[in-house]
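The file data27.cif comes next; it holds mmCIF, C-alpha atoms and all ligand atoms.
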data_start
loop_
_atom_site.label_atom_id
_atom_site.label_comp_id
_atom_site.auth_asym_id
_atom_site.auth_seq_id
_atom_site.Cartn_x
_atom_site.Cartn_y
_atom_site.Cartn_z
CA MET G 208 11.28 2.07 -25.18
CA THR G 209 13.06 4.78 -23.25
CA GLN G 210 12.90 4.56 -19.48
CA SER G 211 13.28 7.80 -17.60
CA TRP G 212 13.98 6.50 -14.14
CA SER G 213 16.70 4.74 -12.17
CA LEU G 214 16.86 2.84 -8.88
CA PHE G 215 18.55 3.90 -5.65
CA CYS G 216 19.02 1.84 -2.51
CA SER G 217 16.84 3.00 0.39
CA LYS G 218 19.71 2.33 2.80
CA CYS G 219 23.19 2.53 1.23
CA ASP G 220 22.40 4.92 -1.69
CA ARG G 221 23.82 2.64 -4.41
CA THR G 222 22.23 3.56 -7.73
CA GLU G 223 21.55 1.44 -10.76
CA SER G 224 19.75 1.56 -14.09
CA ALA G 225 16.31 -0.02 -14.05
CA ALA G 226 16.75 -2.67 -16.75
CA GLY G 227 15.41 -6.22 -16.53
CA LEU G 228 13.82 -7.64 -13.37
CA PRO G 229 15.32 -5.84 -10.36
CA SER G 230 15.02 -7.35 -6.88
CA VAL G 231 16.80 -5.77 -3.87
CA CYS G 232 20.12 -3.93 -3.50
CA PRO G 233 22.91 -6.49 -4.05
CA ASP G 234 25.20 -4.66 -1.58
CA CYS G 235 22.98 -4.49 1.49
CA GLY G 236 19.77 -6.39 0.70
CA SER G 237 17.56 -3.34 1.27
CA PRO G 238 14.68 -2.30 -0.99
CA TRP G 239 15.29 -0.24 -4.11
CA LEU G 240 13.32 2.94 -4.61
CA VAL G 241 12.58 4.57 -7.97
CA ARG G 242 14.01 7.97 -8.88
CA TYR G 243 12.57 9.80 -11.90
CA ALA G 244 14.88 11.85 -14.10
CA LYS G 245 12.21 14.51 -14.53
CA LEU G 246 8.86 14.96 -12.83
CA PRO G 247 6.16 16.90 -14.65
CA ASP G 248 5.87 20.64 -14.25
CA PRO G 249 2.81 21.97 -12.29
CA SER G 250 1.45 23.33 -15.59
CA ALA G 251 0.61 19.68 -16.42
CA LYS G 252 -2.17 19.71 -13.79
CA ALA G 253 -4.66 21.02 -16.35
CA ALA G 254 -4.03 18.10 -18.72
CA LEU G 255 -5.13 15.59 -16.05
CA ALA G 256 -8.80 16.35 -16.64
CA ALA G 257 -8.67 14.63 -20.03
CA ARG G 258 -6.87 11.56 -18.69
CA PRO G 259 -8.45 8.11 -18.04
CA TRP G 260 -10.12 7.69 -14.65
CA THR G 261 -7.55 5.20 -13.31
CA MET G 262 -4.25 5.53 -11.44
CA TRP G 263 -2.49 5.61 -14.83
CA ARG G 264 -3.64 9.22 -15.26
CA TYR G 265 -0.43 9.91 -13.30
CA ARG G 266 1.70 8.06 -15.84
CA GLU G 267 4.65 10.49 -15.70
CA TRP G 268 4.98 9.63 -11.99
CA LEU G 269 4.92 5.91 -12.69
CA PRO G 270 7.45 3.43 -14.11
CA LEU G 271 5.95 3.45 -17.60
CA ALA G 272 8.05 3.93 -20.74
CA ASP G 273 7.02 6.39 -23.46
CA GLY G 274 3.94 5.09 -25.25
CA GLU G 275 3.79 1.91 -23.16
CA GLU G 276 0.33 0.54 -22.27
CA PRO G 277 -0.07 -0.70 -18.68
CA VAL G 278 -1.61 -4.01 -17.60
CA THR G 279 -4.79 -2.60 -16.09
CA LEU G 280 -8.17 -3.52 -14.68
CA GLY G 281 -9.15 0.09 -14.01
CA GLU G 282 -7.46 0.39 -10.59
CA GLY G 283 -7.35 3.57 -8.54
CA MET G 284 -9.52 6.71 -8.36
CA THR G 285 -11.42 5.35 -5.38
CA PRO G 286 -14.00 7.42 -3.50
CA LEU G 287 -12.87 9.89 -0.84
CA LEU G 288 -15.98 10.12 1.32
CA ARG G 289 -16.79 12.59 4.08
CA TRP G 290 -18.01 10.44 6.98
CA PRO G 291 -20.39 12.43 9.20
CA PRO G 292 -21.12 9.60 11.68
CA LEU G 293 -17.46 9.60 12.72
CA GLU G 294 -17.27 13.41 12.73
CA LYS G 295 -20.25 13.52 15.10
CA ALA G 296 -19.21 10.66 17.36
CA LEU G 297 -15.65 11.97 17.77
CA LYS G 298 -16.42 15.73 17.60
CA LEU G 299 -14.07 16.25 14.65
CA LYS G 300 -14.70 18.84 11.94
CA THR G 301 -13.55 16.82 8.94
CA VAL G 302 -13.14 13.07 8.52
CA TRP G 303 -12.87 11.36 5.15
CA ILE G 304 -12.69 7.65 4.46
CA LYS G 305 -10.67 6.67 1.41
CA ASP G 306 -12.49 3.52 0.32
CA GLU G 307 -9.90 1.28 -1.29
CA GLY G 308 -12.35 -1.64 -1.18
CA LYS G 309 -13.69 -0.26 -4.46
CA ASN G 310 -10.58 -1.31 -6.38
CA PRO G 311 -10.51 -4.31 -8.76
CA THR G 312 -10.05 -7.47 -6.64
CA GLY G 313 -11.49 -5.65 -3.62
CA SER G 314 -8.38 -4.08 -2.11
CA PHE G 315 -5.64 -1.52 -2.72
CA LYS G 316 -3.27 -4.40 -3.52
CA ALA G 317 -4.57 -3.87 -7.07
CA ARG G 318 -2.58 -0.63 -7.38
CA GLY G 319 0.74 -2.17 -6.44
CA LEU G 320 0.33 -5.28 -8.49
CA ALA G 321 -0.88 -3.46 -11.60
CA ALA G 322 2.39 -1.50 -11.51
CA ALA G 323 4.55 -4.53 -10.65
CA VAL G 324 3.02 -6.78 -13.30
CA THR G 325 3.31 -4.04 -15.94
CA ALA G 326 7.02 -3.62 -15.15
CA ALA G 327 7.72 -7.35 -14.91
CA VAL G 328 6.07 -8.09 -18.26
CA ARG G 329 8.31 -5.44 -19.82
CA GLY G 330 11.29 -6.98 -17.98
CA GLY G 331 10.58 -10.43 -19.42
CA ALA G 332 9.01 -12.35 -16.49
CA ARG G 333 7.54 -15.70 -17.57
CA VAL G 334 6.21 -17.04 -14.23
CA PHE G 335 5.24 -15.14 -11.05
CA THR G 336 5.35 -16.18 -7.43
CA ILE G 337 4.18 -14.33 -4.32
CA PRO G 338 3.83 -14.92 -0.60
CA THR G 339 0.62 -13.36 0.68
CA ALA G 340 -1.59 -12.86 3.69
CA GLY G 341 -4.39 -12.96 1.10
CA ASN G 342 -5.25 -9.86 -0.88
CA ALA G 343 -1.90 -9.53 -2.69
CA GLY G 344 -2.39 -13.07 -3.95
CA VAL G 345 -5.82 -12.21 -5.35
CA ALA G 346 -4.52 -9.08 -7.05
CA LEU G 347 -1.44 -10.74 -8.57
CA SER G 348 -3.59 -13.64 -9.82
CA ALA G 349 -5.94 -11.25 -11.60
CA TYR G 350 -3.27 -9.01 -13.17
CA ALA G 351 -1.06 -11.92 -14.20
CA ARG G 352 -4.06 -13.58 -15.81
CA ARG G 353 -4.72 -10.33 -17.66
CA ALA G 354 -1.13 -10.51 -18.94
CA GLY G 355 -1.33 -14.25 -19.68
CA ILE G 356 1.40 -15.25 -17.21
CA PRO G 357 1.07 -18.17 -14.72
CA VAL G 358 1.21 -17.54 -10.94
CA HIS G 359 2.19 -19.63 -7.92
CA VAL G 360 0.78 -18.23 -4.67
CA PHE G 361 2.01 -19.18 -1.18
CA ALA G 362 -0.53 -18.34 1.56
CA PRO G 363 -1.15 -19.32 5.19
CA ALA G 364 -3.77 -22.07 5.54
CA THR G 365 -5.62 -19.71 7.92
CA THR G 366 -6.30 -17.15 5.12
CA PRO G 367 -10.03 -16.30 4.89
CA ALA G 368 -11.88 -18.78 2.63
CA THR G 369 -13.35 -16.18 0.25
CA ILE G 370 -9.88 -14.75 -0.45
CA LEU G 371 -8.54 -18.23 -1.26
CA GLU G 372 -11.54 -18.83 -3.50
CA GLN G 373 -10.79 -15.60 -5.40
CA ILE G 374 -7.18 -16.72 -5.97
CA ARG G 375 -8.54 -19.97 -7.46
CA VAL G 376 -11.09 -18.07 -9.58
CA PHE G 377 -8.22 -16.30 -11.33
CA GLY G 378 -6.53 -19.62 -12.04
CA ALA G 379 -3.40 -19.34 -9.91
CA THR G 380 -1.71 -22.37 -8.40
CA LEU G 381 -2.36 -22.04 -4.67
CA ASN G 382 0.01 -23.52 -2.08
CA LEU G 383 -1.29 -23.43 1.51
CA LEU G 384 1.23 -23.50 4.37
CA ASP G 385 1.04 -23.86 8.13
CA GLY G 386 2.65 -20.60 9.22
CA HIS G 387 2.59 -16.86 8.56
CA ILE G 388 3.55 -14.70 5.60
CA GLY G 389 7.24 -14.84 6.57
CA ASP G 390 7.17 -18.64 6.18
CA CYS G 391 5.36 -18.23 2.86
CA GLY G 392 8.07 -15.77 1.79
CA LYS G 393 10.78 -18.42 2.29
CA ALA G 394 8.77 -20.95 0.28
CA ALA G 395 8.20 -18.43 -2.54
CA ARG G 396 11.92 -17.56 -2.69
CA GLU G 397 12.81 -21.26 -2.93
CA PHE G 398 10.22 -21.73 -5.65
CA ALA G 399 11.58 -18.71 -7.53
CA ALA G 400 15.16 -20.04 -7.33
CA GLN G 401 14.15 -23.49 -8.54
CA HIS G 402 11.76 -22.52 -11.33
CA GLY G 403 13.04 -19.14 -12.51
CA ALA G 404 9.87 -17.42 -11.32
CA PHE G 405 9.82 -13.71 -10.55
CA ASP G 406 9.10 -13.01 -6.86
CA VAL G 407 6.78 -10.01 -6.42
CA SER G 408 6.95 -9.95 -2.58
CA THR G 409 6.46 -6.58 -0.90
CA LEU G 410 9.59 -4.46 -1.48
CA ARG G 411 11.55 -7.34 -3.05
CA GLU G 412 10.89 -5.54 -6.30
CA PRO G 413 10.68 -1.74 -6.57
CA TYR G 414 7.40 -1.19 -8.42
CA ARG G 415 4.55 -2.24 -6.12
CA ILE G 416 5.39 0.78 -4.03
CA GLU G 417 5.10 3.04 -7.11
CA GLY G 418 1.57 1.73 -7.68
CA LYS G 419 0.66 2.34 -4.03
CA LYS G 420 2.13 5.80 -4.35
CA THR G 421 -0.87 6.74 -6.46
CA MET G 422 -2.98 6.79 -3.28
CA GLY G 423 -1.02 9.87 -2.28
CA LEU G 424 -1.17 11.51 -5.73
CA GLU G 425 -4.90 10.84 -5.84
CA LEU G 426 -5.56 12.17 -2.34
CA ALA G 427 -3.80 15.40 -3.28
CA GLU G 428 -5.80 15.75 -6.50
CA GLN G 429 -9.10 14.93 -4.76
CA LEU G 430 -8.39 17.63 -2.17
CA GLY G 431 -7.54 20.24 -4.83
CA TRP G 432 -3.75 19.82 -4.49
CA ALA G 433 -3.87 20.24 -0.73
CA LEU G 434 -3.03 17.67 1.94
CA PRO G 435 -4.92 16.59 5.07
CA ASP G 436 -3.43 17.04 8.56
CA VAL G 437 -3.60 13.37 9.52
CA VAL G 438 -3.54 10.06 7.61
CA ILE G 439 -4.46 6.88 9.47
CA TYR G 440 -3.28 3.74 7.75
CA PRO G 441 -3.43 0.04 8.74
CA ALA G 442 0.15 -1.10 8.11
CA GLY G 443 1.44 -4.59 7.36
CA GLY G 444 4.27 -4.63 4.83
CA GLY G 445 4.09 -0.85 4.73
CA THR G 446 4.03 -0.22 0.98
CA GLY G 447 1.04 2.11 1.21
CA LEU G 448 2.56 4.24 3.92
CA ILE G 449 5.96 4.44 2.27
CA GLY G 450 4.32 5.01 -1.10
CA MET G 451 2.24 7.97 0.11
CA TRP G 452 5.24 9.46 1.90
CA LYS G 453 7.16 9.20 -1.40
CA ALA G 454 4.23 10.68 -3.33
CA PHE G 455 3.97 13.75 -1.12
CA ASN G 456 7.74 14.31 -1.26
CA GLU G 457 7.75 14.05 -5.05
CA LEU G 458 4.74 16.36 -5.40
CA ARG G 459 6.48 18.95 -3.23
CA THR G 460 9.80 18.62 -5.11
CA ALA G 461 7.99 19.10 -8.41
CA GLY G 462 6.18 22.16 -7.07
CA TRP G 463 2.67 20.66 -7.30
CA ILE G 464 1.91 21.19 -3.59
CA THR G 465 3.23 23.38 -0.82
CA ASP G 466 1.48 21.80 2.19
CA ARG G 467 3.62 20.01 4.72
CA SER G 468 3.23 16.24 5.06
CA PRO G 469 0.24 14.96 7.00
CA ARG G 470 1.08 13.17 10.26
CA PHE G 471 1.09 9.49 9.34
CA TYR G 472 -0.22 7.03 11.93
CA ALA G 473 0.49 3.33 11.35
CA VAL G 474 -2.13 1.05 12.89
CA GLN G 475 -1.46 -2.57 13.79
CA SER G 476 -3.18 -5.30 15.80
CA THR G 477 -2.06 -6.00 19.37
CA GLY G 478 -1.54 -9.58 18.07
CA CYS G 479 1.17 -8.43 15.62
CA ALA G 480 2.64 -4.99 16.19
CA PRO G 481 6.35 -4.93 15.24
CA VAL G 482 6.17 -1.36 13.91
CA VAL G 483 4.47 -0.04 17.06
CA LYS G 484 7.04 -1.76 19.26
CA ALA G 485 9.97 -0.34 17.29
CA PHE G 486 8.41 3.13 17.15
CA ASP G 487 7.84 3.20 20.92
CA ALA G 488 11.38 1.95 21.56
CA GLY G 489 12.88 4.66 19.34
CA ALA G 490 14.43 1.92 17.19
CA GLU G 491 15.41 2.37 13.55
CA GLN G 492 14.41 -1.11 12.45
CA THR G 493 11.63 -3.54 13.41
CA GLU G 494 12.31 -6.88 15.07
CA PRO G 495 10.43 -10.05 14.12
CA TRP G 496 7.19 -10.44 16.10
CA PRO G 497 6.86 -13.96 17.54
CA ASP G 498 3.60 -15.89 16.94
CA PRO G 499 1.72 -13.18 15.00
CA ALA G 500 -2.07 -13.58 15.35
CA THR G 501 -4.89 -11.33 14.12
CA VAL G 502 -8.09 -11.64 12.09
CA ALA G 503 -6.89 -8.64 10.09
CA ALA G 504 -4.91 -10.84 7.69
CA GLY G 505 -3.20 -7.90 5.96
CA LEU G 506 -1.67 -6.83 9.28
CA ARG G 507 -0.19 -10.26 10.03
CA VAL G 508 3.30 -9.32 8.87
CA PRO G 509 5.78 -10.10 11.68
CA GLY G 510 8.98 -8.95 9.93
CA PRO G 511 8.33 -6.28 7.29
CA LEU G 512 11.25 -5.63 4.92
CA GLY G 513 10.14 -2.00 4.82
CA GLY G 514 10.26 -1.54 8.61
CA ARG G 515 13.06 1.03 8.46
CA LEU G 516 11.32 3.10 5.79
CA MET G 517 7.97 3.02 7.63
CA LEU G 518 9.58 4.21 10.86
CA ARG G 519 11.30 7.00 8.95
CA ALA G 520 8.02 8.14 7.35
CA LEU G 521 6.20 8.09 10.70
CA ARG G 522 8.93 10.11 12.45
CA GLU G 523 9.60 12.60 9.65
CA SER G 524 5.89 13.37 9.45
CA GLY G 525 5.45 13.86 13.21
CA GLY G 526 2.95 11.01 13.39
CA GLY G 527 3.09 7.75 15.30
CA ALA G 528 2.13 4.10 15.58
CA LEU G 529 -0.48 2.37 17.69
CA ALA G 530 -2.02 -1.06 18.11
CA VAL G 531 -5.70 -1.88 18.59
CA SER G 532 -7.19 -5.18 19.77
CA ASP G 533 -8.93 -7.57 17.39
CA ASP G 534 -12.17 -7.03 19.36
CA ASP G 535 -11.95 -3.29 18.75
CA LEU G 536 -11.12 -3.55 15.06
CA VAL G 537 -13.91 -6.05 14.41
CA ARG G 538 -16.36 -3.85 16.29
CA ALA G 539 -15.31 -0.77 14.33
CA ALA G 540 -15.66 -2.63 11.00
CA ARG G 541 -19.17 -3.74 12.05
CA THR G 542 -20.09 -0.16 12.93
CA LEU G 543 -18.91 1.00 9.49
CA ALA G 544 -21.11 -1.66 7.88
CA GLU G 545 -24.07 -0.32 9.88
CA GLN G 546 -23.26 3.09 8.39
CA GLY G 547 -23.20 1.70 4.84
CA MET G 548 -19.58 0.73 4.19
CA ASP G 549 -18.57 -2.94 4.06
CA ALA G 550 -15.08 -2.39 5.47
CA SER G 551 -12.28 -4.91 5.91
CA PRO G 552 -11.03 -5.67 9.44
CA GLU G 553 -7.96 -3.57 8.54
CA GLY G 554 -10.23 -0.62 7.76
CA GLY G 555 -11.91 -1.24 11.12
CA ALA G 556 -8.48 -1.05 12.74
CA ALA G 557 -7.91 2.41 11.26
CA VAL G 558 -11.24 3.67 12.63
CA ALA G 559 -10.57 2.14 16.06
CA ALA G 560 -7.17 3.86 16.01
CA LEU G 561 -8.76 7.22 15.23
CA GLU G 562 -11.02 6.78 18.26
CA ALA G 563 -7.97 6.06 20.42
CA LEU G 564 -6.01 9.03 19.02
CA VAL G 565 -8.91 11.39 19.74
CA ALA G 566 -9.23 10.01 23.27
CA ARG G 567 -5.49 10.65 23.82
CA GLY G 568 -5.74 14.16 22.42
CA GLU G 569 -3.28 13.38 19.63
CA VAL G 570 -5.91 14.09 16.99
CA ARG G 571 -7.67 17.37 17.71
CA PRO G 572 -11.09 18.68 16.60
CA ALA G 573 -9.77 20.94 13.83
CA ASP G 574 -7.49 18.27 12.28
CA ARG G 575 -8.59 17.21 8.80
CA VAL G 576 -8.33 13.45 8.91
CA VAL G 577 -8.19 10.76 6.22
CA VAL G 578 -8.82 7.19 7.35
CA PHE G 579 -7.97 4.35 4.98
CA ASN G 580 -10.34 1.46 4.47
CA THR G 581 -7.86 -0.70 2.60
CA GLY G 582 -10.16 -3.48 1.44
CA ALA G 583 -13.71 -4.77 1.15
CA GLY G 584 -15.34 -6.68 4.01
CA TRP G 585 -16.85 -9.44 1.85
CA LEU G 586 -13.39 -10.90 1.17
CA TYR G 587 -13.17 -11.98 4.82
CA ARG G 588 -16.34 -14.09 4.88
C1 LIG G 601 -2.02 -5.79 2.59
C2 LIG G 601 -3.08 -5.13 3.33
C3 LIG G 601 -2.79 -4.16 4.32
C4 LIG G 601 -1.38 -3.77 4.67
O1 LIG G 601 -0.85 -3.04 3.60
P1 LIG G 601 0.65 -2.55 3.47
O2 LIG G 601 0.63 -1.41 2.52
O3 LIG G 601 1.44 -3.69 2.94
O4 LIG G 601 1.11 -2.14 4.82
C5 LIG G 601 -3.85 -3.53 4.94
N1 LIG G 601 -5.14 -3.83 4.63
C6 LIG G 601 -5.46 -4.75 3.70
C7 LIG G 601 -6.90 -5.04 3.42
C8 LIG G 601 -4.44 -5.43 3.01
O5 LIG G 601 -4.76 -6.32 2.08
#
Exercise: express the given structure as structure tokens:
Amino acid sequence: MTQSWSLFCSKCDRTESAAGLPSVCPDCGSPWLVRYAKLPDPSAKAALAARPWTMWRYREWLPLADGEEPVTLGEGMTPLLRWPPLEKALKLKTVWIKDEGKNPTGSFKARGLAAAVTAAVRGGARVFTIPTAGNAGVALSAYARRAGIPVHVFAPATTPATILEQIRVFGATLNLLDGHIGDCGKAAREFAAQHGAFDVSTLREPYRIEGKKTMGLELAEQLGWALPDVVIYPAGGGTGLIGMWKAFNELRTAGWITDRSPRFYAVQSTGCAPVVKAFDAGAEQTEPWPDPATVAAGLRVPGPLGGRLMLRALRESGGGALAVSDDDLVRAARTLAEQGMDASPEGGAAVAALEALVARGEVRPADRVVVFNTGAGWLYR
């Protein structure tokens, strides 16, 4: 199978072919990013209509060889919903919620892991391991099961019970640890070294981000190849944010869009806000957050490997970063449920952040805003 992409280091610019099972840049330890030899011409827009209604409709933008079939459960193409209750309450003209809770396994982690598992199967992986705050473990377990490959998940013992139950449903071996996702990451790396397992941690392989990139491609298609003014995103490891930033850059390079990038806002919990702290300090890299604590499990990432890339995307786009309290994010998620959407606490955080940004005057009435609900609420019960 011919592969039409290569890898380049996000920090030192080393480049490499994309054979086998790539991890991080051997020179500097930073994440690889994918560079495509040729992106499709805008005339290919018309052909999309006949494509399957999953994220693989964008196959030329994804790490898929000619004729290769992906490992799929039908991920992507989630609803982009106008949300009048928020428009009214905040006096904004246009607010959409992108409801990623509608993905297989109940969160947008499905997109990243569909892409990563597809690439790793091609690369020859025989066992998977992953550290997770919860939803990535569910998604990997499902996609690996689909591919017939065993999985060892490392998760904090405090992970919501329903999420742990889902990991067991898909037959993964579940290891619970006292500690946070950083501690689980160490355990997964040791397991990988001892047992020859492939570690699919956030940004320790280059393809989860390509799967998450489809959120950006999809947003653009859903808006008729236009972009919103503001994107509000609850950020943990940062793959979604970095992925959308990459998507919009690639779309512009290929001539599919002309709009400038939306202002990206990263939302975290006041109990774990390394990106907000680094953004406010004008720093280029995040520093580990001591004793991370939040009910929004996906935001409990004290030392994201993609910190540098997130900060770059926020600054380049003219956006920002802000933290909301657990009380506020839980309240906002409950309000969304009262309006008909069973949102995750992380989705609640994004709504609470929009309220704060409007109050500060950073989001203005005419801004067209997309808020991400990144997962379903039922997973947290
Ligand atoms: C993982 C996760 C996040 C954080 O996502 P990143 O793209 O890694 O920043 C947010 N919300 C939910 C529900 C998650 O599972």
Between CA of Gly392 in chain G and CA of Ser408 in chain G, what is the distance, to one decimal in Å? 7.4 Å
Which residues, protein or nucleic acid, reach to within 7 Å of (14.2, -0.7, -2.9) in the file's coordinates when using all atoms listed in the file, and can you give that as a PyMOL selection string? chain G and resi 215-217+231-232+237-240+410+412-413
Ranking G:Leu293, G:Ala473, G:Val558, G:Ile464 by minimum distance to ligand LIG 601 (chain G) and counting all atoms listed in the file, which one comes first?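 The closest residue to ligand LIG 601 (chain G) is G:Ala473.
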Please identify every polymer residue within 7 Å of ligand LIG 601 (chain G), using all atoms listed in the file, and present the set as a CSV table (one decimal) with C-alpha atoms, in the coordinates of the input.
chain,number,residue,atom,x,y,z
G,314,SER,CA,-8.4,-4.1,-2.1
G,315,PHE,CA,-5.6,-1.5,-2.7
G,316,LYS,CA,-3.3,-4.4,-3.5
G,341,GLY,CA,-4.4,-13.0,1.1
G,342,ASN,CA,-5.2,-9.9,-0.9
G,343,ALA,CA,-1.9,-9.5,-2.7
G,409,THR,CA,6.5,-6.6,-0.9
G,441,PRO,CA,-3.4,0.0,8.7
G,442,ALA,CA,0.2,-1.1,8.1
G,443,GLY,CA,1.4,-4.6,7.4
G,444,GLY,CA,4.3,-4.6,4.8
G,445,GLY,CA,4.1,-0.8,4.7
G,446,THR,CA,4.0,-0.2,1.0
G,447,GLY,CA,1.0,2.1,1.2
G,448,LEU,CA,2.6,4.2,3.9
G,505,GLY,CA,-3.2,-7.9,6.0
G,506,LEU,CA,-1.7,-6.8,9.3
G,551,SER,CA,-12.3,-4.9,5.9
G,553,GLU,CA,-8.0,-3.6,8.5
G,554,GLY,CA,-10.2,-0.6,7.8
G,581,THR,CA,-7.9,-0.7,2.6
G,582,GLY,CA,-10.2,-3.5,1.4
Using only C-alpha atoms, the residue out of G:Phe471, G:Phe335, G:Tyr414, G:Tyr243 with shortest distance to Phe579 in chain G is G:Phe471
Could you jot down the CA of Ala257 in chain G to CA of Leu424 in chain G separation for me, Å, one decimal place?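 It comes out at 16.4 Å.
Taking CA of Pro270 in chain G as the reference point, CA of Glu223 in chain G is found at 14.6 Å.
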Against range 351-370 of chain G, which residues of range 461-542 of chain G fall within 12 Å? For each one I want the closest pair of atoms and the distance in Å (one decimal), counting all atoms listed in the file, rows by chain and increasing residue number, as a tab-separated table.
residue	atom	partner	partner_atom	distance
G:Pro499	CA	G:Pro363	CA	11.9
G:Ala500	CA	G:Thr365	CA	10.3
G:Thr501	CA	G:Thr365	CA	10.4
G:Val502	CA	G:Pro367	CA	8.8
G:Ala503	CA	G:Pro367	CA	9.8
G:Ala504	CA	G:Thr366	CA	7.0
G:Gly505	CA	G:Thr366	CA	9.8
G:Arg507	CA	G:Pro363	CA	10.3
G:Val508	CA	G:Pro363	CA	11.5
For the residues selected in the previous step, produce a file with C-alpha atoms as a PDB file, in the coordinates of the input.
ATOM      1  CA  PRO G 499       1.720 -13.180  15.000  1.00  0.00           C
ATOM      2  CA  ALA G 500      -2.070 -13.580  15.350  1.00  0.00           C
ATOM      3  CA  THR G 501      -4.890 -11.330  14.120  1.00  0.00           C
ATOM      4  CA  VAL G 502      -8.090 -11.640  12.090  1.00  0.00           C
ATOM      5  CA  ALA G 503      -6.890  -8.640  10.090  1.00  0.00           C
ATOM      6  CA  ALA G 504      -4.910 -10.840   7.690  1.00  0.00           C
ATOM      7  CA  GLY G 505      -3.200  -7.900   5.960  1.00  0.00           C
ATOM      8  CA  ARG G 507      -0.190 -10.260  10.030  1.00  0.00           C
ATOM      9  CA  VAL G 508       3.300  -9.320   8.870  1.00  0.00           C
TER      10      VAL G 508
END
Residue nearest Thr493 in chain G - candidates G:Leu512, G:Val570, G:Cys479, G:Leu214, atoms counted: all atoms listed in the file: G:Leu512
Env of Ser468 in chain G: 9 Å cut, atoms = only C-alpha atoms, seq-sep filter 2 positions within chain, self excluded. Answer as a ChimeraX atom specification. /G:434-437,452,455-456,466,470-471,523-525
